[in-house]
Each structure stands twice: as structure tokens, then as C-alpha cells.
file input.txt (compact mmCIF, C-alpha atoms)
# COMPACT_ATOMS: atom_id res chain seq x y z
CA MET U 1 -10.83 25.70 7.93
CA PRO U 2 -11.63 28.97 9.70
CA GLU U 3 -12.92 31.69 7.44
CA THR U 4 -10.47 34.54 6.89
CA ARG U 5 -12.18 37.90 7.13
CA GLU U 6 -10.73 40.81 5.24
CA PRO U 7 -10.39 43.88 7.44
CA GLN U 8 -12.62 46.82 6.67
CA TRP U 9 -10.29 49.79 6.55
CA THR U 10 -11.66 53.18 7.55
CA ALA U 11 -9.89 56.14 6.00
CA LEU U 12 -8.54 58.92 8.17
CA PRO U 13 -7.56 62.37 6.94
CA ASP U 14 -4.22 62.44 5.14
CA ALA U 15 -1.33 63.78 7.18
CA VAL U 16 1.94 65.49 6.31
CA LEU U 17 5.22 64.00 7.40
CA ASP U 18 7.75 66.79 7.91
CA THR U 19 11.35 65.59 7.67
CA ALA U 20 12.96 68.91 8.57
CA SER U 21 16.53 68.19 9.63
CA ALA U 22 16.06 69.82 13.02
CA LYS U 23 13.14 67.50 13.77
CA ILE U 24 15.03 64.45 12.54
CA ASP U 25 18.08 65.34 14.63
CA ALA U 26 15.95 65.80 17.75
CA PHE U 27 14.23 62.48 17.11
CA ALA U 28 17.56 60.71 16.48
CA ALA U 29 19.03 62.17 19.65
CA ALA U 30 16.03 61.03 21.67
CA LEU U 31 16.31 57.52 20.22
CA SER U 32 19.98 57.20 20.95
CA GLY U 33 20.13 58.96 24.29
CA GLY U 34 21.67 62.25 23.25
CA ALA U 35 23.94 61.57 20.30
CA THR U 36 22.60 61.59 16.76
CA ALA U 37 24.89 58.68 15.81
CA PRO U 38 24.19 56.16 14.40
CA PHE U 39 21.43 58.15 12.69
CA SER U 40 23.71 60.72 11.10
CA PRO U 41 22.59 62.76 8.07
CA PRO U 42 21.23 62.10 5.54
CA HIS U 43 19.65 59.19 7.37
CA VAL U 44 16.02 59.34 8.49
CA PRO U 45 15.41 56.86 11.34
CA ALA U 46 13.33 53.87 10.35
CA THR U 47 10.56 54.58 12.86
CA TYR U 48 10.33 58.33 12.28
CA ALA U 49 7.33 58.14 9.95
CA PHE U 50 5.17 56.79 12.76
CA THR U 51 5.37 60.19 14.46
CA VAL U 52 2.87 61.37 11.88
CA PHE U 53 0.08 60.02 14.09
CA ALA U 54 1.03 62.26 16.99
CA GLY U 55 -0.60 65.62 16.83
CA ALA U 56 -2.33 64.93 13.54
CA GLU U 57 -6.09 65.08 13.25
CA SER U 58 -5.98 61.34 12.61
CA GLY U 59 -4.15 60.65 15.83
CA GLY U 60 -6.72 62.72 17.68
CA ARG U 61 -9.52 60.59 16.27
CA ILE U 62 -7.84 57.40 17.44
CA GLU U 63 -7.31 58.89 20.89
CA ALA U 64 -10.99 59.82 20.96
CA ILE U 65 -11.94 56.19 20.32
CA ALA U 66 -9.83 55.19 23.30
CA ARG U 67 -11.31 57.90 25.51
CA GLU U 68 -14.85 56.79 24.65
CA ARG U 69 -13.98 53.38 26.03
CA GLY U 70 -12.11 54.72 29.05
CA ALA U 71 -8.95 53.15 27.63
CA MET U 72 -5.41 54.19 26.86
CA LEU U 73 -3.48 53.29 23.73
CA VAL U 74 -0.66 50.79 24.15
CA HIS U 75 1.44 49.47 21.26
CA GLN U 76 1.35 45.74 20.71
CA ALA U 77 3.08 45.20 17.36
CA GLN U 78 4.44 47.14 14.42
CA ALA U 79 5.50 46.33 10.87
CA PHE U 80 7.36 48.66 8.54
CA THR U 81 8.17 48.10 4.87
CA TYR U 82 10.68 50.44 3.23
CA HIS U 83 10.52 50.84 -0.56
CA VAL U 84 12.51 54.05 -1.01
CA ALA U 85 14.56 55.91 1.59
CA LEU U 86 12.99 59.10 2.92
CA GLU U 87 14.94 62.31 2.43
CA ARG U 88 15.45 65.06 4.94
CA ASP U 89 13.83 68.47 4.55
CA ARG U 90 10.83 67.20 2.65
CA ARG U 91 7.12 67.13 3.35
CA TYR U 92 5.50 63.83 2.40
CA ARG U 93 1.84 62.98 2.13
CA VAL U 94 0.81 60.09 4.34
CA ALA U 95 -2.43 58.21 3.70
CA LEU U 96 -3.81 56.90 6.99
CA ASP U 97 -6.52 54.40 7.81
CA TRP U 98 -7.45 51.95 10.51
CA HIS U 99 -9.57 48.92 11.25
CA THR U 100 -10.74 47.05 14.29
CA ASN U 101 -9.73 43.48 14.87
CA PRO U 102 -12.82 41.38 14.12
CA ASP U 103 -11.71 38.83 16.70
CA ARG U 104 -10.63 41.23 19.45
CA ASP U 105 -12.62 44.36 20.11
CA ASP U 106 -9.85 45.74 22.31
CA ARG U 107 -7.46 45.87 19.37
CA LEU U 108 -7.20 48.19 16.42
CA VAL U 109 -4.74 48.45 13.58
CA LEU U 110 -3.43 51.72 12.21
CA ARG U 111 -1.83 51.95 8.78
CA GLY U 112 0.22 54.67 7.17
CA ARG U 113 1.48 54.87 3.60
CA VAL U 114 4.06 57.52 2.78
CA HIS U 115 4.07 58.89 -0.77
CA ASP U 116 6.18 61.37 -2.67
CA ASP U 117 4.78 64.17 -4.81
CA ASN U 118 4.38 61.80 -7.74
CA GLY U 119 2.32 59.36 -5.71
CA THR U 120 5.09 56.78 -5.47
CA LEU U 121 4.79 54.64 -2.35
CA LEU U 122 7.98 55.10 -0.32
CA GLN U 123 7.18 53.43 2.96
CA GLU U 124 4.26 51.75 4.69
CA PHE U 125 3.67 50.79 8.26
CA THR U 126 1.03 49.22 10.44
CA ALA U 127 0.70 49.22 14.19
CA GLU U 128 -1.53 47.01 16.28
CA ILE U 129 -2.74 49.01 19.25
CA VAL U 130 -4.36 47.73 22.41
CA LEU U 131 -7.16 49.75 23.95
CA TYR U 132 -5.85 49.16 27.43
CA VAL U 133 -8.47 49.22 30.19
CA ASN U 134 -8.03 48.62 33.90
CA ARG U 135 -10.22 45.53 34.05
CA LYS U 136 -9.17 44.78 37.63
CA GLU U 137 -10.40 48.14 38.85
CA GLN U 138 -13.65 47.67 36.93
CA ALA U 139 -14.09 44.24 38.49
CA ASP U 140 -13.21 45.55 41.94
CA GLY U 141 -15.23 48.71 41.56
CA MET J 1 36.45 34.23 -11.15
CA GLY J 2 36.23 33.75 -7.42
CA GLU J 3 33.08 32.97 -5.54
CA VAL J 4 31.08 35.86 -4.15
CA ARG J 5 31.66 35.94 -0.43
CA PRO J 6 28.28 36.03 1.36
CA ALA J 7 27.70 39.03 3.57
CA PHE J 8 25.99 36.99 6.27
CA ALA J 9 26.02 33.53 7.77
CA VAL J 10 23.26 31.94 9.79
CA GLY J 11 24.09 32.36 13.47
CA ASP J 12 26.18 35.52 13.04
CA ARG J 13 25.51 37.66 16.09
CA LEU J 14 25.34 41.39 16.55
CA PRO J 15 27.94 42.57 19.05
CA ALA J 16 26.55 42.71 22.57
CA SER J 17 25.10 46.17 23.07
CA GLU J 18 25.90 48.19 26.16
CA PRO J 19 23.04 48.19 28.67
CA ARG J 20 21.10 51.43 28.52
CA THR J 21 18.79 52.81 31.17
CA LEU J 22 15.72 54.54 29.78
CA SER J 23 15.22 57.23 32.40
CA SER J 24 12.22 59.50 32.82
CA GLN J 25 14.29 62.29 31.26
CA GLU J 26 15.00 60.19 28.18
CA VAL J 27 11.36 59.18 27.89
CA ALA J 28 10.31 62.83 28.21
CA ALA J 29 12.81 63.75 25.48
CA TYR J 30 11.35 61.07 23.22
CA ALA J 31 7.81 62.29 23.95
CA GLU J 32 8.86 65.78 22.93
CA ALA J 33 10.68 64.69 19.77
CA SER J 34 8.00 62.25 18.61
CA GLY J 35 4.97 64.24 19.74
CA ASP J 36 3.65 61.16 21.56
CA ARG J 37 2.66 62.58 24.95
CA ASN J 38 0.43 59.70 25.96
CA PRO J 39 0.30 60.08 29.77
CA ILE J 40 1.04 56.40 30.40
CA HIS J 41 4.63 57.30 29.47
CA LEU J 42 4.90 60.48 31.52
CA ASP J 43 2.53 60.40 34.47
CA ASP J 44 2.63 57.66 37.09
CA ALA J 45 -0.91 58.38 38.26
CA ALA J 46 -2.29 58.12 34.72
CA ALA J 47 -0.44 54.86 34.13
CA GLN J 48 -1.68 53.46 37.44
CA SER J 49 -5.24 54.46 36.59
CA VAL J 50 -5.26 51.87 33.80
CA GLY J 51 -3.67 49.18 35.93
CA LEU J 52 -0.02 49.62 35.08
CA PRO J 53 2.42 49.72 37.98
CA GLY J 54 3.78 53.03 36.75
CA THR J 55 4.90 54.80 33.61
CA ILE J 56 6.12 52.66 30.73
CA VAL J 57 8.57 53.43 27.95
CA HIS J 58 7.16 54.25 24.49
CA GLY J 59 7.01 51.13 22.36
CA MET J 60 8.47 53.03 19.43
CA LEU J 61 11.44 54.12 21.55
CA VAL J 62 12.09 50.48 22.39
CA MET J 63 11.63 49.43 18.77
CA GLY J 64 13.99 52.17 17.63
CA GLN J 65 16.80 50.40 19.47
CA PHE J 66 16.72 47.66 16.85
CA GLU J 67 17.74 50.01 14.08
CA ALA J 68 20.37 51.62 16.30
CA ALA J 69 21.89 48.20 17.03
CA LEU J 70 21.83 47.18 13.36
CA LEU J 71 23.53 50.39 12.22
CA ALA J 72 26.08 50.22 15.03
CA TRP J 73 26.90 46.73 13.77
CA ARG J 74 27.01 47.57 10.06
CA PRO J 75 26.61 51.28 9.29
CA ASP J 76 25.88 50.76 5.59
CA LEU J 77 23.14 48.22 6.17
CA THR J 78 19.83 48.83 4.37
CA ILE J 79 16.67 47.76 6.19
CA HIS J 80 13.81 46.63 3.94
CA THR J 81 11.34 45.43 6.52
CA LEU J 82 11.15 45.70 10.28
CA GLN J 83 8.44 44.02 12.31
CA THR J 84 8.23 43.76 16.06
CA ARG J 85 5.96 42.56 18.81
CA PHE J 86 5.91 43.60 22.46
CA LEU J 87 5.83 40.85 25.01
CA ARG J 88 5.61 42.99 28.12
CA PRO J 89 5.69 46.68 29.00
CA LEU J 90 9.01 48.21 29.97
CA PRO J 91 8.89 50.38 33.10
CA VAL J 92 10.52 53.78 32.86
CA GLY J 93 13.92 53.59 34.52
CA ALA J 94 14.59 50.02 33.43
CA SER J 95 17.78 48.93 31.75
CA ILE J 96 17.75 47.29 28.32
CA HIS J 97 20.12 45.77 25.83
CA VAL J 98 19.67 44.49 22.28
CA GLU J 99 20.51 41.03 21.00
CA GLY J 100 20.42 39.86 17.42
CA ARG J 101 21.52 37.09 15.14
CA ILE J 102 21.18 36.10 11.52
CA ALA J 103 18.22 33.74 11.33
CA LYS J 104 18.11 33.17 7.60
CA VAL J 105 20.35 34.00 4.65
CA LEU J 106 18.29 34.92 1.60
CA ASP J 107 21.19 35.31 -0.86
CA HIS J 108 24.76 36.61 -0.84
CA LYS J 109 23.71 40.11 0.25
CA ASN J 110 20.35 39.71 1.99
CA ALA J 111 19.36 38.13 5.27
CA ILE J 112 16.77 38.08 8.02
CA VAL J 113 17.99 39.20 11.44
CA ARG J 114 16.12 38.06 14.53
CA LEU J 115 16.21 40.72 17.21
CA SER J 116 15.21 41.14 20.82
CA VAL J 117 15.28 43.90 23.39
CA ARG J 118 15.82 42.45 26.86
CA ASP J 119 15.64 44.00 30.29
CA GLY J 120 18.25 43.76 33.03
CA ASP J 121 16.95 40.33 34.01
CA ALA J 122 17.26 39.14 30.38
CA HIS J 123 13.49 38.98 29.97
CA ALA J 124 12.44 39.63 26.38
CA ILE J 125 10.53 42.91 26.16
CA CYS J 126 10.25 43.17 22.41
CA VAL J 127 11.11 40.70 19.65
CA GLY J 128 11.24 41.15 15.94
CA ASP J 129 12.71 40.46 12.53
CA ALA J 130 14.44 42.73 10.06
CA THR J 131 15.14 41.99 6.42
CA VAL J 132 18.45 43.62 5.57
CA THR J 133 20.93 44.12 2.73
CA ASP J 134 24.62 44.62 3.29
call {"tool": "encode", "arguments": {"input": "input.txt", "output": "C-alpha cells"}}
result
Amino acid sequence: MPETREPQWTALPDAVLDTASAKIDAFAAALSGGATAPFSPPHVPATYAFTVFAGAESGGRIEAIARERGAMLVHQAQAFTYHVALERDRRYRVALDWHTNPDRDDRLVLRGRVHDDNGTLLQEFTAEIVLYVNRKEQADG
Amino acid sequence: MGEVRPAFAVGDRLPASEPRTLSSQEVAAYAEASGDRNPIHLDDAAAQSVGLPGTIVHGMLVMGQFEAALLAWRPDLTIHTLQTRFLRPLPVGASIHVEGRIAKVLDHKNAIVRLSVRDGDAHAICVGDATVTD
């Protein structure tokens, strides 16, 4: 049987997930093409927490890894697990880390775990990201 | 006492969603709202520089359509898990619709829904599963 290798997670700086209603409404409208339905208050869209990577120091580090390789980041797969619903107008701490895929050096996995002030895990998500490189151009060039 | 009526049955289908075109304006609005301004979504030249034919829609915008379809079907649904995989990139300006059906009933209130986002030619762009409670 093939050996299963445990991933070596590398911690990134914690981030803050801001669920201000104005931000949630803008995100919901963008998801649904203008209307906030079906994401009406007090709902927080299921994929909102992933926005924590954008603009955060952690997201910048991942983008830097891609730049070093002359690659761009393209989503391949995501998995979310919801333990407790997020509330609007809160600021949650999100623990972030990542690992490379030991079998594919053009893949990396990001993980986020959203906690409340008491440290209770509310939501966790992973995303497999492809470091997308124009191999044709490299071969041609 | 009567039997508890199950909330789901294997094979139940989500209502057919209306096709939706994800225009460059909608993609730009999602970039603004999510903070994800990766140029492969916004700049044709940047997308072409990595071998894509042009800009592609954010994966998380595509994935978000699953939740929208589930809540449009049953507004009080609770999603416990949601996992998805992209099969091909979706060009900006393409039309999509969501399909879904109950793949497995876990008990009288819980089920697994198998979902797909398809383009105008019915090619699967993104597939996934959601564990839900009614």
C-alpha cells in the first residue's frame, strides 16, 4: 500500500474576519447579481469567510510564493465545514496555515479556522490552489 | 403516533435555476466585495500571459451559486459541509446554471445534495456535495 504522508502545515499570521453588515450585503449582492436575496440578514454567506485571505498579510505571502514561481493562483477545490453560524457585525479571529502537496509541487493547500472570542471553532475551510504557469509559452520560448 | 415524514428523498431535484451570465461587471463587483483582485479575473492580458484564453470567473463566485440555489430551493436549509471541485475554468461572460439532486438521505432531516454548475453547453464547470439539514 502507498505510504500516506501527513502534510506539514506552515502557520501564517492570524487574520481578522470582519462581518460588518455593509460588507456582507455587498458580498451577497455580488454573489447574487445585485439582490441580497437569498442571503438576507442575519445570514452570512457560506463562502464569505474565505475573503479573509484577500488583503490580509497571509494572502500577500501566498501571492508572493506564486510570484516567485512566475505563476498565478487558480482555485482547484474547496471544502467548508460549518460548526456554528457566523453572526453579522462581529470580528472573528481566523487561524491560517498552508502546506504544499507532497505529490504535486504546483499545488498548495490553504486552511482557515474561524474562532469566536472564547476560542470555539465556528467554521473551517481549506482550498487547494494551483500555481498556474504558462507551460506552453515556456516550452515555446 | 404517525411516522416522521422524511424531509428528503433520494433523487429529489432542485428546481432548474435560471441561466445567469457572469459579465465582466459582475466579476468586477465580486472582486471589489471579496477583495480578490487577482488579475486573471479582471485583465485579459494578464490572463493570457499565463495561457488562459482570457479572464476567468472567480472560483468562489461560481461556488457561491451552490448556496444560492440551495437557499432558493429551501430558505430554511442549514448547510453543514460544502465541498467543491473545479473541472474547467469559466470564461467571463459565460452563462451558467445550477443543478442539484439528493444523492443520499442520512436520516429524516439530513441529506447529501450533489451539485453542479454547468455552462451554456451543459458542460460541468464545478461539482460538489453539500450536507444539509431541513
call {"tool": "closest_atom_pairs", "arguments": {"input": "input.txt", "of": "chain J", "to": "chain U", "cutoff": "6 Å", "atoms": "all atoms listed in the file", "output": "CSV"}}
result
residue,atom,partner,partner_atom,distance
J:Ala29,CA,U:Ala30,CA,5.7
J:Tyr30,CA,U:Ala30,CA,4.9
J:Ala33,CA,U:Phe27,CA,5.0
J:Ser34,CA,U:Thr51,CA,5.3
J:Gly35,CA,U:Ala54,CA,5.2
J:Asp36,CA,U:Ala54,CA,5.4
J:Val50,CA,U:Asn134,CA,4.3
J:Gly51,CA,U:Asn134,CA,4.8
J:Gly59,CA,U:His75,CA,5.9
J:His80,CA,U:Tyr82,CA,5.0
J:Thr81,CA,U:Thr81,CA,4.5
J:Leu82,CA,U:Phe80,CA,5.1
J:Gln83,CA,U:Ala79,CA,4.0
J:Thr84,CA,U:Gln78,CA,5.3
J:Arg85,CA,U:Ala77,CA,4.2
J:Phe86,CA,U:Gln76,CA,5.3
call {"tool": "atom_distance", "arguments": {"input": "input.txt", "atom1": "atom CA of Asp43 of chain J", "atom2": "atom CA of Arg61 of chain U"}}
result
21.8 Å
call {"tool": "residues_around", "arguments": {"input": "input.txt", "residues": "segment 93-106 of chain J", "least_positions_apart": "6", "cutoff": "7 Å", "atoms": "only C-alpha atoms", "output": "number ranges by chain"}}
result
J: 8-14, 16-24, 66, 69, 112-120
call {"tool": "residues_around", "arguments": {"input": "input.txt", "residues": "Ile40 of chain J", "least_positions_apart": "2", "cutoff": "10 Å", "atoms": "only C-alpha atoms", "output": "PyMOL selection string"}}
result
(chain U and resi 72-74) or (chain J and resi 37-38+42-50+52+54-58)
call {"tool": "atom_distance", "arguments": {"input": "input.txt", "atom1": "atom CA of Trp73 of chain J", "atom2": "atom CA of Ala130 of chain J"}}
result
13.6 Å
call {"tool": "residues_around", "arguments": {"input": "input.txt", "residues": "His99 of chain U", "least_positions_apart": "6", "cutoff": "10 Å", "atoms": "all atoms listed in the file", "output": "PDB file with C-alpha atoms, in the frame of the given file"}}
result
ATOM      1  CA  PRO U   7     -10.390  43.880   7.440  1.00  0.00           C
ATOM      2  CA  GLN U   8     -12.620  46.820   6.670  1.00  0.00           C
ATOM      3  CA  TRP U   9     -10.290  49.790   6.550  1.00  0.00           C
ATOM      4  CA  THR U  10     -11.660  53.180   7.550  1.00  0.00           C
ATOM      5  CA  ALA U  11      -9.890  56.140   6.000  1.00  0.00           C
ATOM      6  CA  ARG U 107      -7.460  45.870  19.370  1.00  0.00           C
ATOM      7  CA  LEU U 108      -7.200  48.190  16.420  1.00  0.00           C
ATOM      8  CA  VAL U 109      -4.740  48.450  13.580  1.00  0.00           C
ATOM      9  CA  LEU U 110      -3.430  51.720  12.210  1.00  0.00           C
ATOM     10  CA  ARG U 111      -1.830  51.950   8.780  1.00  0.00           C
ATOM     11  CA  GLU U 128      -1.530  47.010  16.280  1.00  0.00           C
TER      12      GLU U 128
END
call {"tool": "atom_distance", "arguments": {"input": "input.txt", "atom1": "atom CA of Thr36 of chain U", "atom2": "atom CA of Ala122 of chain J"}}
result
26.8 Å
call {"tool": "residues_around", "arguments": {"input": "input.txt", "residues": "Asp14 of chain U", "least_positions_apart": "5", "cutoff": "6 Å", "atoms": "only C-alpha atoms", "output": "list in words"}}
result
Val94, Ala95 and Leu96 of chain U
call {"tool": "residues_around", "arguments": {"input": "input.txt", "residues": "His115 of chain U", "least_positions_apart": "3", "cutoff": "10 Å", "atoms": "all atoms listed in the file", "output": "number ranges by chain"}}
result
U: 16-17, 84, 86, 91-95, 112, 118-124
